[in-house]
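Novice: Quick one: structure below, then a few questions.
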Amino acid sequence: MRPIAPEPDLSERIHDAVLNAICSGELKSGVRITQEELAQKFGVSRQPVLQAMMLLRREGFLIDAGRKGVCVAPLDVEKANNLYYVRAALDGAAARLAATRYTPELTHRGRLLLDVGRRAVASGNIPFVIEADIDFHLFVYEASGNPLIAETAQPHWQHMRRVMAAVLSEDDLRVSVWDEHEAILRAFEAGQVAESEALCRKHTEQMAGILTGRLKDVISRAA
């Protein structure tokens, strides 16, 4: 995390920097976070740091750990399962709507995202892979034409990003993920409403099983 020059939205910038460090795995579960250390790191007073930390606690990324103080929240398998259960429902609903209103412009954009995703997998760059995967699903939400779907999912994406960063390794990167994404887009292009919903839900549920299974192993090894 690099120091940030003071600006009117400084607390938001500190929040985003710490959040990114947590979700990328730079700040591990259980690491103690203090106002003093963050204020020194960012070269600011404690007030914007306090505001940023309060927001991170509300979002579930920091917790009060008694005598230890404020720490990075532990990864939680049950919470991850719950997040993916909700996301599978949202993804299915978005896909069903997208298939009814898919346009040539959306087709072009979807194909570009496929290319980006396959290049990400080939690169072996985990953050690039995660970003490409999230961008694909956000595209599905946008294609649905219902902004409430993306708004409902938005608070959960960083938690899912954190899970992915914690459990994925280069050996886990699967070209088949992007084959599944391509099958979803083909269903959109063909206007196959029920098939689009089924493919999207199945894809999300399968990834949930893989990622939460890996998360259990990560937590067990850290115990």
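Just so we're on the same page: first chain in the structure tokens is A, next is B, and so on; residues restart at 1 for each chain, and ligands are numbered from 1 in the order they show up.
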If we count only C-alpha atoms and set the cut-off at 7 Å, which residues sit around region 195-211 of chain A, ignoring sequence neighbours fewer than 5 positions away in its own chain? Please answer as a ChimeraX atom specification.
Specialist: /A:81,84,88-89,91-93,95-96,99,164,167,180,184,187-188
Novice: Can you pull out the residues contacting region 129-139 of chain A? Cut-off 6 Å, using only C-alpha atoms, and skip same-chain residues under 6 positions away; I want them as a VMD selection string.
Specialist: chain A and resid 117 120 to 121
Novice: May I have the residues from that selection written out with N, CA, C and O atoms, as a CSV table (one decimal), in the first residue's frame?
Specialist:
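As written to disk, result.csv reads:
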chain,number,residue,atom,x,y,z
A,117,GLY,N,-10.5,-12.9,-21.3
A,117,GLY,CA,-10.5,-14.0,-20.3
A,117,GLY,C,-9.6,-15.1,-20.6
A,117,GLY,O,-8.8,-15.6,-19.8
A,120,ALA,N,-6.1,-14.0,-20.1
A,120,ALA,CA,-5.8,-14.0,-18.7
A,120,ALA,C,-5.4,-15.4,-18.2
A,120,ALA,O,-4.4,-15.5,-17.4
A,121,VAL,N,-6.1,-16.4,-18.6
A,121,VAL,CA,-5.8,-17.8,-18.2
A,121,VAL,C,-4.4,-18.2,-18.7
A,121,VAL,O,-3.6,-18.7,-18.0
Novice: Using DSSP on the backbone coordinates, identify the residues of region 26-202 of chain A assigned to strand (DSSP E); present them as a PyMOL selection string.
Specialist: chain A and resi 32-33+62-64+70-72
Novice: Write out the residues from the selection above, keeping N, CA, C and O atoms, as a tab-separated table (two decimals), in the first residue's frame.
Specialist:
chain	number	residue	atom	x	y	z
A	32	ARG	N	-3.34	-7.56	12.53
A	32	ARG	CA	-3.79	-6.41	13.32
A	32	ARG	C	-3.63	-5.13	12.51
A	32	ARG	O	-2.61	-4.91	11.86
A	33	ILE	N	-4.65	-4.29	12.57
A	33	ILE	CA	-4.65	-3.01	11.86
A	33	ILE	C	-4.83	-1.90	12.89
A	33	ILE	O	-5.78	-1.92	13.67
A	62	LEU	N	-13.06	-5.90	8.43
A	62	LEU	CA	-12.32	-5.77	9.68
A	62	LEU	C	-13.23	-6.17	10.83
A	62	LEU	O	-14.45	-6.02	10.74
A	63	ILE	N	-12.64	-6.66	11.91
A	63	ILE	CA	-13.41	-7.02	13.10
A	63	ILE	C	-12.68	-6.51	14.33
A	63	ILE	O	-11.47	-6.29	14.31
A	64	ASP	N	-13.42	-6.32	15.42
A	64	ASP	CA	-12.82	-6.01	16.72
A	64	ASP	C	-12.47	-7.34	17.38
A	64	ASP	O	-13.35	-8.18	17.61
A	70	VAL	N	-8.20	-4.18	16.37
A	70	VAL	CA	-8.90	-4.36	15.09
A	70	VAL	C	-8.04	-5.21	14.17
A	70	VAL	O	-6.85	-4.93	13.98
A	71	CYS	N	-8.67	-6.26	13.62
A	71	CYS	CA	-7.93	-7.19	12.76
A	71	CYS	C	-8.69	-7.43	11.45
A	71	CYS	O	-9.89	-7.19	11.36
A	72	VAL	N	-7.96	-7.96	10.49
A	72	VAL	CA	-8.60	-8.39	9.24
A	72	VAL	C	-9.51	-9.57	9.56
A	72	VAL	O	-9.10	-10.52	10.24
Novice: Go ahead and compute the interatomic distance for CA of Trp178 (chain A) and CA of Val218 (chain A), in Å to one decimal.
Specialist: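 Calculated distance between CA of Trp178 (chain A) and CA of Val218 (chain A) is 24.9 Å.
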Novice: Excluding Glu36 (chain A) and any residue of its chain fewer than 2 positions from it, enumerate the residues within 10 Å of it, using only C-alpha atoms, and give them as a compact mmCIF listing (two decimals) with C-alpha atoms, in the first residue's frame.
Specialist:
# COMPACT_ATOMS: atom_id res chain seq x y z
CA ILE A 33 -4.65 -3.01 11.86
CA THR A 34 -4.06 0.18 13.84
CA LEU A 38 -2.22 3.45 8.68
CA ALA A 39 -1.93 7.17 9.41
CA GLN A 40 1.85 6.87 9.18
CA LYS A 41 1.71 4.74 6.04
CA VAL A 44 -2.29 11.62 7.12
CA SER A 45 -4.04 12.37 10.40
CA ARG A 46 -5.95 9.66 12.24
CA VAL A 49 -8.16 6.55 8.82
CA LEU A 50 -10.79 6.14 11.54
Novice: May I ask for the distance between CA of Gln154 (chain A) and CA of Gly60 (chain A), given in Å to one decimal place?
Specialist: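 Going from CA of Gln154 (chain A) over to CA of Gly60 (chain A) covers 14.1 Å.
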Novice: What's around Asp9 (chain A) at 10 Å? Count only C-alpha atoms, leave out sequence neighbours fewer than 4 positions away in its own chain, and write the answer as a ChimeraX atom specification.
Specialist: /A:13-14,48
Novice: Near Pro104 (chain A), counting only C-alpha atoms, which residues have an atom at most 9 Å away, once you skip same-chain residues fewer than 4 positions from it, shown as a list in words?
Specialist: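 Answer for this query is His108, Arg109 and Glu189 of chain A.
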Novice: Calculated over only C-alpha atoms, which of the candidates A:Leu75, A:Leu114, A:Val140, A:Ala65 has the smallest distance to Ser176 (chain A)?
Specialist: A:Leu114
Novice: Write out as a PyMOL selection string the set of residues from region 34-115 of chain A that DSSP, computed on the backbone, places in alpha helix (DSSP H).
Specialist: chain A and resi 35-42+46-58+77-100+104-115
Novice: Out of A:Thr212, A:Ser29, A:Asn82, A:Ser11, which residue has the shortest atom-to-atom distance to Met54 (chain A) when counting only C-alpha atoms?
Specialist: A:Ser11
